[in-house]
>>> print(open('entry_4.cif').read())   # mmCIF, C-alpha atoms (C1' of nucleotides)
data_target
loop_
_atom_site.label_atom_id
_atom_site.label_comp_id
_atom_site.auth_asym_id
_atom_site.auth_seq_id
_atom_site.Cartn_x
_atom_site.Cartn_y
_atom_site.Cartn_z
CA MET A 139 0.49 -11.88 20.04
CA ALA A 140 1.31 -9.37 17.34
CA ALA A 141 -0.20 -5.89 17.64
CA THR A 142 -2.42 -4.76 14.79
CA ALA A 143 0.18 -2.25 13.63
CA ASP A 144 2.84 -4.97 13.44
CA LEU A 145 0.60 -7.04 11.18
CA ASP A 146 -0.07 -3.94 9.08
CA ASP A 147 3.65 -3.48 8.56
CA ALA A 148 4.34 -7.15 7.83
CA PHE A 149 1.46 -7.58 5.34
CA LEU A 150 2.32 -4.30 3.67
CA ALA A 151 5.98 -5.28 3.37
CA LEU A 152 4.96 -8.56 1.72
CA ALA A 153 2.49 -6.91 -0.66
CA ASP A 154 5.24 -5.90 -3.11
CA PRO A 155 6.73 -8.43 -5.54
CA SER A 156 10.23 -6.92 -5.32
CA ARG A 157 10.16 -7.21 -1.56
CA ARG A 158 8.81 -10.77 -1.71
CA SER A 159 11.65 -11.61 -4.09
CA MET A 160 14.06 -10.26 -1.48
CA VAL A 161 12.38 -12.36 1.22
CA GLU A 162 12.55 -15.45 -0.99
CA ARG A 163 16.24 -14.88 -1.53
CA LEU A 164 16.81 -14.38 2.19
CA SER A 165 14.85 -17.50 3.09
CA ARG A 166 17.74 -19.39 1.43
CA GLY A 167 20.37 -17.55 3.48
CA PRO A 168 21.83 -14.14 4.32
CA ALA A 169 22.69 -11.80 1.45
CA SER A 170 24.27 -8.42 0.79
CA VAL A 171 22.31 -5.47 -0.54
CA SER A 172 23.89 -5.95 -3.98
CA GLU A 173 22.91 -9.60 -4.03
CA LEU A 174 19.32 -8.67 -3.17
CA ALA A 175 19.38 -6.01 -5.88
CA GLU A 176 20.84 -8.25 -8.58
CA PRO A 177 17.59 -9.82 -9.91
CA LEU A 178 15.60 -6.58 -9.60
CA ALA A 179 15.19 -4.14 -12.49
CA MET A 180 15.60 -0.96 -10.47
CA SER A 181 18.21 1.38 -9.07
CA LEU A 182 20.15 0.53 -5.93
CA PRO A 183 18.56 3.35 -3.89
CA ALA A 184 15.16 1.89 -4.73
CA VAL A 185 16.29 -1.48 -3.41
CA VAL A 186 17.61 0.15 -0.25
CA GLN A 187 14.21 1.77 0.25
CA HIS A 188 12.48 -1.60 -0.10
CA LEU A 189 14.96 -2.97 2.39
CA GLY A 190 13.97 -0.17 4.76
CA VAL A 191 10.33 -1.26 4.56
CA LEU A 192 11.32 -4.86 5.30
CA GLN A 193 13.48 -3.80 8.25
CA ARG A 194 10.85 -1.48 9.74
CA SER A 195 8.40 -4.39 9.62
CA GLY A 196 10.91 -6.54 11.51
CA LEU A 197 10.95 -9.16 8.74
CA VAL A 198 14.59 -8.45 7.95
CA SER A 199 17.57 -7.41 10.04
CA SER A 200 20.97 -6.29 8.78
CA GLU A 201 24.43 -5.40 9.96
CA LYS A 202 27.25 -3.68 8.17
CA VAL A 203 30.77 -5.09 8.19
CA GLY A 204 33.29 -3.09 6.25
CA ARG A 205 31.47 -1.77 3.22
CA VAL A 206 29.06 -4.72 2.97
CA ARG A 207 25.66 -4.79 4.63
CA THR A 208 24.48 -8.34 5.27
CA CYS A 209 20.73 -8.94 5.56
CA ARG A 210 18.91 -11.79 7.30
CA LEU A 211 15.30 -12.92 7.46
CA GLN A 212 13.77 -12.92 10.97
CA PRO A 213 11.36 -15.74 11.80
CA GLU A 214 9.07 -14.03 14.32
CA PRO A 215 7.09 -11.67 12.02
CA MET A 216 6.71 -14.47 9.47
CA GLN A 217 5.24 -16.64 12.24
CA ALA A 218 2.90 -13.85 13.37
CA VAL A 219 1.52 -13.44 9.85
CA GLU A 220 1.14 -17.18 9.41
CA ARG A 221 -0.68 -17.46 12.75
CA TRP A 222 -3.14 -14.71 11.82
CA ILE A 223 -3.94 -16.28 8.46
CA ALA A 224 -4.13 -19.80 9.82
CA ALA A 225 -6.51 -18.78 12.61
CA HIS A 226 -9.03 -17.08 10.36
CA ARG A 227 -8.76 -19.56 7.54
CA ALA A 228 -9.39 -22.31 10.07
CA ASP A 229 -12.50 -20.51 11.42
CA LEU A 230 -13.78 -20.20 7.90
CA GLU A 231 -13.18 -23.80 6.96
CA ARG A 232 -14.65 -25.17 10.18
CA ARG A 233 -17.76 -23.18 9.35
CA LEU A 234 -17.84 -24.39 5.75
CA ASP A 235 -17.53 -27.96 7.00
CA ARG A 236 -20.48 -27.49 9.36
CA LEU A 237 -22.43 -25.90 6.53
CA GLY A 238 -21.72 -29.01 4.50
CA ASP A 239 -23.12 -31.12 7.36
CA VAL A 240 -26.22 -28.97 7.63
CA LEU A 241 -26.86 -29.18 3.89
CA ASP A 242 -26.33 -32.93 4.06
CA GLU A 243 -28.84 -33.24 6.88
CA THR A 244 -31.36 -30.99 5.18
CA TYR A 245 -31.17 -32.36 1.66
CA GLY A 246 -29.86 -35.84 2.25
CA ARG A 247 -26.26 -37.02 2.43
CA LYS A 248 -24.45 -37.65 -0.85
CA GLN A 249 -23.61 -41.29 -1.62
CA MET B 259 -0.06 -21.98 -7.59
CA ALA B 260 -0.91 -18.35 -7.06
CA ALA B 261 0.51 -15.86 -9.55
CA THR B 262 2.67 -13.11 -8.14
CA ALA B 263 0.02 -10.50 -8.86
CA ASP B 264 -2.58 -12.52 -6.94
CA LEU B 265 -0.32 -12.59 -3.89
CA ASP B 266 0.26 -8.84 -4.31
CA ASP B 267 -3.47 -8.26 -4.17
CA ALA B 268 -4.07 -10.57 -1.24
CA PHE B 269 -1.22 -9.25 0.91
CA LEU B 270 -2.18 -5.67 0.05
CA ALA B 271 -5.80 -6.32 0.96
CA LEU B 272 -4.73 -7.74 4.33
CA ALA B 273 -2.32 -4.87 5.06
CA ASP B 274 -5.10 -2.59 6.29
CA PRO B 275 -6.56 -2.96 9.80
CA SER B 276 -10.09 -2.05 8.68
CA ARG B 277 -9.99 -4.72 6.00
CA ARG B 278 -8.54 -7.29 8.42
CA SER B 279 -11.38 -6.47 10.80
CA MET B 280 -13.80 -7.19 7.95
CA VAL B 281 -12.05 -10.49 7.24
CA GLU B 282 -12.16 -11.41 10.93
CA ARG B 283 -15.87 -10.73 11.00
CA LEU B 284 -16.41 -12.78 7.83
CA SER B 285 -14.37 -15.68 9.17
CA ARG B 286 -17.22 -16.10 11.68
CA GLY B 287 -19.87 -16.10 8.95
CA PRO B 288 -21.43 -14.09 6.11
CA ALA B 289 -22.36 -10.47 6.79
CA SER B 290 -24.05 -7.52 5.12
CA VAL B 291 -22.15 -4.36 4.20
CA SER B 292 -23.75 -2.53 7.13
CA GLU B 293 -22.68 -5.26 9.53
CA LEU B 294 -19.12 -5.00 8.25
CA ALA B 295 -19.26 -1.22 8.58
CA GLU B 296 -20.70 -1.22 12.10
CA PRO B 297 -17.44 -1.47 14.11
CA LEU B 298 -15.52 0.83 11.76
CA ALA B 299 -15.20 4.58 12.36
CA MET B 300 -15.67 5.69 8.77
CA SER B 301 -18.32 6.50 6.20
CA LEU B 302 -20.20 3.76 4.38
CA PRO B 303 -18.67 4.62 0.98
CA ALA B 304 -15.24 4.14 2.56
CA VAL B 305 -16.28 0.68 3.74
CA VAL B 306 -17.60 -0.16 0.29
CA GLN B 307 -14.24 0.85 -1.17
CA HIS B 308 -12.43 -1.45 1.26
CA LEU B 309 -14.84 -4.18 0.28
CA GLY B 310 -13.90 -3.55 -3.34
CA VAL B 311 -10.24 -4.15 -2.51
CA LEU B 312 -11.14 -7.39 -0.74
CA GLN B 313 -13.28 -8.55 -3.66
CA ARG B 314 -10.69 -7.69 -6.32
CA SER B 315 -8.18 -9.77 -4.34
CA GLY B 316 -10.62 -12.70 -4.38
CA LEU B 317 -10.62 -12.88 -0.57
CA VAL B 318 -14.28 -11.94 -0.40
CA SER B 319 -17.27 -12.56 -2.65
CA SER B 320 -20.70 -10.99 -2.37
CA GLU B 321 -24.17 -11.16 -3.82
CA LYS B 322 -27.04 -8.78 -3.55
CA VAL B 323 -30.52 -9.94 -2.64
CA GLY B 324 -33.13 -7.23 -2.43
CA ARG B 325 -31.39 -4.23 -0.97
CA VAL B 326 -28.90 -6.24 1.09
CA ARG B 327 -25.47 -7.29 -0.15
CA THR B 328 -24.20 -10.37 1.66
CA CYS B 329 -20.44 -10.92 1.80
CA ARG B 330 -18.53 -14.17 2.29
CA LEU B 331 -14.89 -15.03 2.87
CA GLN B 332 -13.32 -17.25 0.20
CA PRO B 333 -10.84 -19.88 1.37
CA GLU B 334 -8.57 -20.16 -1.68
CA PRO B 335 -6.68 -16.82 -1.47
CA MET B 336 -6.24 -17.29 2.29
CA GLN B 337 -4.70 -20.70 1.56
CA ALA B 338 -2.42 -19.25 -1.12
CA VAL B 339 -1.08 -16.62 1.28
CA GLU B 340 -0.61 -19.18 4.03
CA ARG B 341 1.24 -21.51 1.64
CA TRP B 342 3.64 -18.75 0.55
CA ILE B 343 4.44 -17.75 4.12
CA ALA B 344 4.71 -21.31 5.36
CA ALA B 345 7.10 -22.29 2.55
CA HIS B 346 9.56 -19.48 3.14
CA ARG B 347 9.33 -19.55 6.90
CA ALA B 348 10.03 -23.27 6.75
CA ASP B 349 13.11 -22.69 4.55
CA LEU B 350 14.34 -20.13 7.00
CA GLU B 351 13.83 -22.28 10.06
CA ARG B 352 15.35 -25.38 8.49
CA ARG B 353 18.41 -23.24 7.80
CA LEU B 354 18.45 -21.81 11.33
CA ASP B 355 18.26 -25.35 12.70
CA ARG B 356 21.23 -26.44 10.60
CA LEU B 357 23.10 -23.32 11.70
CA GLY B 358 22.44 -24.36 15.26
CA ASP B 359 23.94 -27.78 14.48
CA VAL B 360 26.99 -26.23 12.86
CA LEU B 361 27.54 -23.90 15.79
CA ASP B 362 27.11 -26.81 18.16
CA GLU B 363 29.69 -28.84 16.27
CA THR B 364 32.10 -25.94 16.06
CA TYR B 365 31.84 -24.62 19.57
CA GLY B 366 30.59 -27.64 21.50
CA ARG B 367 27.02 -28.71 22.13
CA LYS B 368 25.19 -27.01 25.00
CA GLN B 369 24.43 -29.22 28.04
"C1'" DT C 440 -47.75 5.72 -1.59
"C1'" DC C 441 -44.21 7.35 0.81
"C1'" DA C 442 -40.62 7.35 4.08
"C1'" DA C 443 -36.94 4.68 5.78
"C1'" DC C 444 -33.34 1.65 4.54
"C1'" DA C 445 -29.22 -0.33 2.32
"C1'" DC C 446 -26.36 0.60 -0.38
"C1'" DT C 447 -24.17 3.06 -4.85
"C1'" DT C 448 -22.06 6.58 -7.70
"C1'" DA C 449 -19.50 10.60 -8.37
"C1'" DA C 450 -16.13 13.87 -7.50
"C1'" DG C 451 -12.63 15.94 -4.97
"C1'" DT C 452 -8.67 16.17 -1.27
"C1'" DT C 453 -4.55 14.61 1.06
"C1'" DG C 454 -0.72 12.02 1.89
"C1'" DC C 455 2.47 8.75 1.02
"C1'" DA C 456 4.55 4.67 -1.66
"C1'" DG C 457 7.77 3.76 -5.15
"C1'" DC C 458 10.55 5.09 -8.10
"C1'" DT C 459 14.29 8.39 -10.32
"C1'" DT C 460 19.05 10.96 -10.77
"C1'" DA C 461 22.87 13.14 -8.69
"C1'" DA C 462 26.13 13.50 -5.42
"C1'" DG C 463 27.88 11.97 -1.37
"C1'" DT C 464 30.86 8.58 2.29
"C1'" DA C 465 33.38 4.85 3.79
"C1'" DT C 466 36.16 0.71 2.61
"C1'" DC C 467 39.06 -2.14 0.05
"C1'" DT C 468 42.76 -3.39 -3.55
"C1'" DG C 469 46.76 -2.93 -6.37
"C1'" DC D 145 47.41 6.91 -2.53
"C1'" DA D 146 44.20 6.34 -6.52
"C1'" DG D 147 40.53 4.11 -8.43
"C1'" DA D 148 36.93 0.71 -7.81
"C1'" DT D 149 33.38 -0.99 -4.79
"C1'" DA D 150 29.32 -0.95 -1.82
"C1'" DC D 151 26.37 1.36 -0.31
"C1'" DT D 152 24.11 6.11 1.52
"C1'" DT D 153 21.87 10.59 1.43
"C1'" DA D 154 19.19 13.99 -0.66
"C1'" DA D 155 15.76 15.83 -3.46
"C1'" DG D 156 12.10 15.60 -6.49
"C1'" DC D 157 8.43 13.40 -9.44
"C1'" DT D 158 4.11 10.56 -10.32
"C1'" DG D 159 0.41 7.84 -9.32
"C1'" DC D 160 -2.63 5.77 -6.45
"C1'" DA D 161 -4.68 4.56 -1.75
"C1'" DA D 162 -7.84 6.10 1.65
"C1'" DC D 163 -10.73 8.87 2.93
"C1'" DT D 164 -14.56 12.76 2.54
"C1'" DT D 165 -19.36 14.88 1.27
"C1'" DA D 166 -23.24 15.09 -1.67
"C1'" DA D 167 -26.48 13.17 -4.40
"C1'" DG D 168 -28.15 9.35 -6.44
"C1'" DT D 169 -30.93 4.19 -7.10
"C1'" DG D 170 -33.61 0.38 -6.01
"C1'" DT D 171 -36.28 -2.21 -2.02
"C1'" DT D 172 -39.25 -2.72 1.72
"C1'" DG D 173 -42.72 -2.01 5.33
"C1'" DA D 174 -46.51 0.69 7.41
#
>>> encode(input="entry_4.cif", output="structure tokens")
Amino acid sequence: MAATADLDDAFLALADPSRRSMVERLSRGPASVSELAEPLAMSLPAVVQHLGVLQRSGLVSSEKVGRVRTCRLQPEPMQAVERWIAAHRADLERRLDRLGDVLDETYGRKQ
Amino acid sequence: MAATADLDDAFLALADPSRRSMVERLSRGPASVSELAEPLAMSLPAVVQHLGVLQRSGLVSSEKVGRVRTCRLQPEPMQAVERWIAAHRADLERRLDRLGDVLDETYGRKQ
DNA sequence: TCAACACTTAAGTTGCAGCTTAAGTATCTG
DNA sequence: CAGATACTTAAGCTGCAACTTAAGTGTTGA
């Protein structure tokens, strides 16, 4: 059960299109910093800073071998975010369904 | 098929604990601005500003009747966020599963 | 009619996110 | 060992997010 601050970090990390592009790339497999940077129109230090945000959120881990840092997506924070969304979306939709029933009962069910 | 900017807005809106608390409240049913503000330790204008972020993201809609503004959670942006997460988490986990298979084949399956 | 209520608008402060350039530090490769 | 590669560190800039207080506006109930 993810702490509030963990969700803060994960949602914030995913709120930037450059970082989501990095996550999309990593969802297809590990990648080096340069590979993550390649499609992005910004300097390498900027990419490294985005990577820092992703790592601090736990969404991405990395290890350096030789001069190459290899990055990987971590499943747990993605699951925590999905659980939070799913729970509250489900609440909402259950309620909307019931509302539909109530309106049907009040005004007559549609054919 | 949510545009990138829409996902930006939705993730950003959900990256704040006060705003998530508002969304949690609204997932249980419509509420007035004062009701949303009640559990939050901040001024009413601050709450209204958070509400503005939620509305600009499409997550929340509101209408004013008399002097009361009633707010509702909208399902579509929640679904869009959930779809994005689910898609990339699924990619990741499919890959991790295959990796497990490969490791099993290479090093011998665990008993 | 007038005071309480439920916001709303305006204006200002503070801090930090998201870049930049410049100058490092290791690690390979020929 | 020199030059290319793959980051890394440092420092500084700009804009906007997240509040605040103060002063509105329109609505309602006694």
>>> residues_around(input="entry_4.cif", residues="Ser319 (chain B)", least_positions_apart="3", cutoff="7 Å", atoms="all atoms listed in the file", output="NGL selection string")
:B and (313 or 316 or 329-332)
>>> closest_residue(input="entry_4.cif", among="A:Arg236, A:His188, A:Arg194, A:Arg227", to="Ala175 (chain A)", atoms="all atoms listed in the file")
A:His188
>>> residues_around(input="entry_4.cif", residues="Leu178 (chain A)", least_positions_apart="2", cutoff="10 Å", atoms="only C-alpha atoms (C1' of nucleotides)", output="tab-separated table (two decimals) with C-alpha atoms, keeping the file's coordinate frame")
chain	number	residue	atom	x	y	z
A	155	PRO	CA	6.73	-8.43	-5.54
A	156	SER	CA	10.23	-6.92	-5.32
A	157	ARG	CA	10.16	-7.21	-1.56
A	159	SER	CA	11.65	-11.61	-4.09
A	160	MET	CA	14.06	-10.26	-1.48
A	173	GLU	CA	22.91	-9.60	-4.03
A	174	LEU	CA	19.32	-8.67	-3.17
A	175	ALA	CA	19.38	-6.01	-5.88
A	176	GLU	CA	20.84	-8.25	-8.58
A	180	MET	CA	15.60	-0.96	-10.47
A	181	SER	CA	18.21	1.38	-9.07
A	182	LEU	CA	20.15	0.53	-5.93
A	184	ALA	CA	15.16	1.89	-4.73
A	185	VAL	CA	16.29	-1.48	-3.41
>>> resolve_selection(input="entry_4.cif", expression="the PyMOL selection byres ((chain C) within 12 of (chain B))", output="PyMOL selection string")
chain C and resi 444-449
>>> resolve_selection(input="entry_4.cif", expression="the PyMOL selection byres ((chain B) within 7 of (chain A))", output="PyMOL selection string")
chain B and resi 262+266+269-270+272-275+282+285-286+333+336+340+343-344+346-347+349-350
>>> atom_distance(input="entry_4.cif", atom1="CA of Gln307 (chain B)", atom2="CA of Val323 (chain B)")
19.6 Å
>>> atom_distance(input="entry_4.cif", atom1="C1' of DC151 (chain D)", atom2="CA of Ala169 (chain A)")
13.8 Å
>>> resolve_selection(input="entry_4.cif", expression="the PyMOL selection byres ((chain D) within 12 of (chain A))", output="list in words")
DT149, DA150, DC151, DT152, DT153 and DA154 of chain D
>>> atom_distance(input="entry_4.cif", atom1="C1' of DT169 (chain D)", atom2="C1' of DC441 (chain C)")
15.8 Å
>>> residues_around(input="entry_4.cif", residues="DG156 (chain D)", least_positions_apart="4", cutoff="12 Å", atoms="all atoms listed in the file", output="ChimeraX atom specification")
/C:458-461
>>> build_atoms(input="entry_4.cif", residues="region 259-283 of chain B", atoms="N, CA and C atoms", output="PDB file, keeping the file's coordinate frame")
ATOM      1  N   MET B 259      -1.341 -22.685  -7.467  1.00  0.00           N
ATOM      2  CA  MET B 259      -0.060 -21.980  -7.590  1.00  0.00           C
ATOM      3  C   MET B 259      -0.292 -20.510  -7.924  1.00  0.00           C
ATOM      4  N   ALA B 260      -0.505 -19.739  -6.904  1.00  0.00           N
ATOM      5  CA  ALA B 260      -0.910 -18.350  -7.060  1.00  0.00           C
ATOM      6  C   ALA B 260       0.123 -17.537  -7.847  1.00  0.00           C
ATOM      7  N   ALA B 261      -0.359 -16.778  -8.827  1.00  0.00           N
ATOM      8  CA  ALA B 261       0.510 -15.860  -9.550  1.00  0.00           C
ATOM      9  C   ALA B 261       0.982 -14.766  -8.598  1.00  0.00           C
ATOM     10  N   THR B 262       2.111 -14.193  -8.952  1.00  0.00           N
ATOM     11  CA  THR B 262       2.670 -13.110  -8.140  1.00  0.00           C
ATOM     12  C   THR B 262       1.671 -11.991  -7.923  1.00  0.00           C
ATOM     13  N   ALA B 263       0.962 -11.615  -8.971  1.00  0.00           N
ATOM     14  CA  ALA B 263       0.020 -10.500  -8.860  1.00  0.00           C
ATOM     15  C   ALA B 263      -1.128 -10.845  -7.908  1.00  0.00           C
ATOM     16  N   ASP B 264      -1.527 -12.114  -7.874  1.00  0.00           N
ATOM     17  CA  ASP B 264      -2.580 -12.520  -6.940  1.00  0.00           C
ATOM     18  C   ASP B 264      -2.115 -12.353  -5.500  1.00  0.00           C
ATOM     19  N   LEU B 265      -0.862 -12.748  -5.237  1.00  0.00           N
ATOM     20  CA  LEU B 265      -0.320 -12.590  -3.890  1.00  0.00           C
ATOM     21  C   LEU B 265      -0.197 -11.106  -3.547  1.00  0.00           C
ATOM     22  N   ASP B 266       0.239 -10.295  -4.502  1.00  0.00           N
ATOM     23  CA  ASP B 266       0.260  -8.840  -4.310  1.00  0.00           C
ATOM     24  C   ASP B 266      -1.084  -8.369  -3.777  1.00  0.00           C
ATOM     25  N   ASP B 267      -2.128  -8.739  -4.497  1.00  0.00           N
ATOM     26  CA  ASP B 267      -3.470  -8.260  -4.170  1.00  0.00           C
ATOM     27  C   ASP B 267      -3.913  -8.745  -2.793  1.00  0.00           C
ATOM     28  N   ALA B 268      -3.635 -10.008  -2.507  1.00  0.00           N
ATOM     29  CA  ALA B 268      -4.070 -10.570  -1.240  1.00  0.00           C
ATOM     30  C   ALA B 268      -3.320  -9.939  -0.061  1.00  0.00           C
ATOM     31  N   PHE B 269      -2.003  -9.866  -0.175  1.00  0.00           N
ATOM     32  CA  PHE B 269      -1.220  -9.250   0.910  1.00  0.00           C
ATOM     33  C   PHE B 269      -1.626  -7.785   1.088  1.00  0.00           C
ATOM     34  N   LEU B 270      -1.810  -7.087  -0.035  1.00  0.00           N
ATOM     35  CA  LEU B 270      -2.180  -5.670   0.050  1.00  0.00           C
ATOM     36  C   LEU B 270      -3.542  -5.523   0.722  1.00  0.00           C
ATOM     37  N   ALA B 271      -4.470  -6.388   0.366  1.00  0.00           N
ATOM     38  CA  ALA B 271      -5.800  -6.320   0.960  1.00  0.00           C
ATOM     39  C   ALA B 271      -5.724  -6.529   2.471  1.00  0.00           C
ATOM     40  N   LEU B 272      -4.815  -7.399   2.907  1.00  0.00           N
ATOM     41  CA  LEU B 272      -4.730  -7.740   4.330  1.00  0.00           C
ATOM     42  C   LEU B 272      -3.847  -6.751   5.109  1.00  0.00           C
ATOM     43  N   ALA B 273      -3.255  -5.804   4.409  1.00  0.00           N
ATOM     44  CA  ALA B 273      -2.320  -4.870   5.060  1.00  0.00           C
ATOM     45  C   ALA B 273      -3.035  -3.701   5.735  1.00  0.00           C
ATOM     46  N   ASP B 274      -4.351  -3.689   5.678  1.00  0.00           N
ATOM     47  CA  ASP B 274      -5.100  -2.590   6.290  1.00  0.00           C
ATOM     48  C   ASP B 274      -5.931  -3.109   7.458  1.00  0.00           C
ATOM     49  N   PRO B 275      -5.875  -2.452   8.607  1.00  0.00           N
ATOM     50  CA  PRO B 275      -6.560  -2.960   9.800  1.00  0.00           C
ATOM     51  C   PRO B 275      -8.082  -2.989   9.633  1.00  0.00           C
ATOM     52  N   SER B 276      -8.642  -2.030   8.899  1.00  0.00           N
ATOM     53  CA  SER B 276     -10.090  -2.050   8.680  1.00  0.00           C
ATOM     54  C   SER B 276     -10.468  -3.285   7.862  1.00  0.00           C
ATOM     55  N   ARG B 277      -9.677  -3.560   6.840  1.00  0.00           N
ATOM     56  CA  ARG B 277      -9.990  -4.720   6.000  1.00  0.00           C
ATOM     57  C   ARG B 277      -9.757  -6.015   6.771  1.00  0.00           C
ATOM     58  N   ARG B 278      -8.726  -6.075   7.616  1.00  0.00           N
ATOM     59  CA  ARG B 278      -8.540  -7.290   8.420  1.00  0.00           C
ATOM     60  C   ARG B 278      -9.703  -7.462   9.381  1.00  0.00           C
ATOM     61  N   SER B 279     -10.220  -6.357   9.905  1.00  0.00           N
ATOM     62  CA  SER B 279     -11.380  -6.470  10.800  1.00  0.00           C
ATOM     63  C   SER B 279     -12.568  -7.035  10.033  1.00  0.00           C
ATOM     64  N   MET B 280     -12.717  -6.649   8.764  1.00  0.00           N
ATOM     65  CA  MET B 280     -13.800  -7.190   7.950  1.00  0.00           C
ATOM     66  C   MET B 280     -13.594  -8.691   7.724  1.00  0.00           C
ATOM     67  N   VAL B 281     -12.348  -9.069   7.458  1.00  0.00           N
ATOM     68  CA  VAL B 281     -12.050 -10.490   7.240  1.00  0.00           C
ATOM     69  C   VAL B 281     -12.304 -11.284   8.512  1.00  0.00           C
ATOM     70  N   GLU B 282     -11.926 -10.722   9.665  1.00  0.00           N
ATOM     71  CA  GLU B 282     -12.160 -11.410  10.930  1.00  0.00           C
ATOM     72  C   GLU B 282     -13.654 -11.633  11.137  1.00  0.00           C
ATOM     73  N   ARG B 283     -14.412 -10.586  10.866  1.00  0.00           N
ATOM     74  CA  ARG B 283     -15.870 -10.730  11.000  1.00  0.00           C
ATOM     75  C   ARG B 283     -16.379 -11.820  10.073  1.00  0.00           C
TER      76      ARG B 283
END
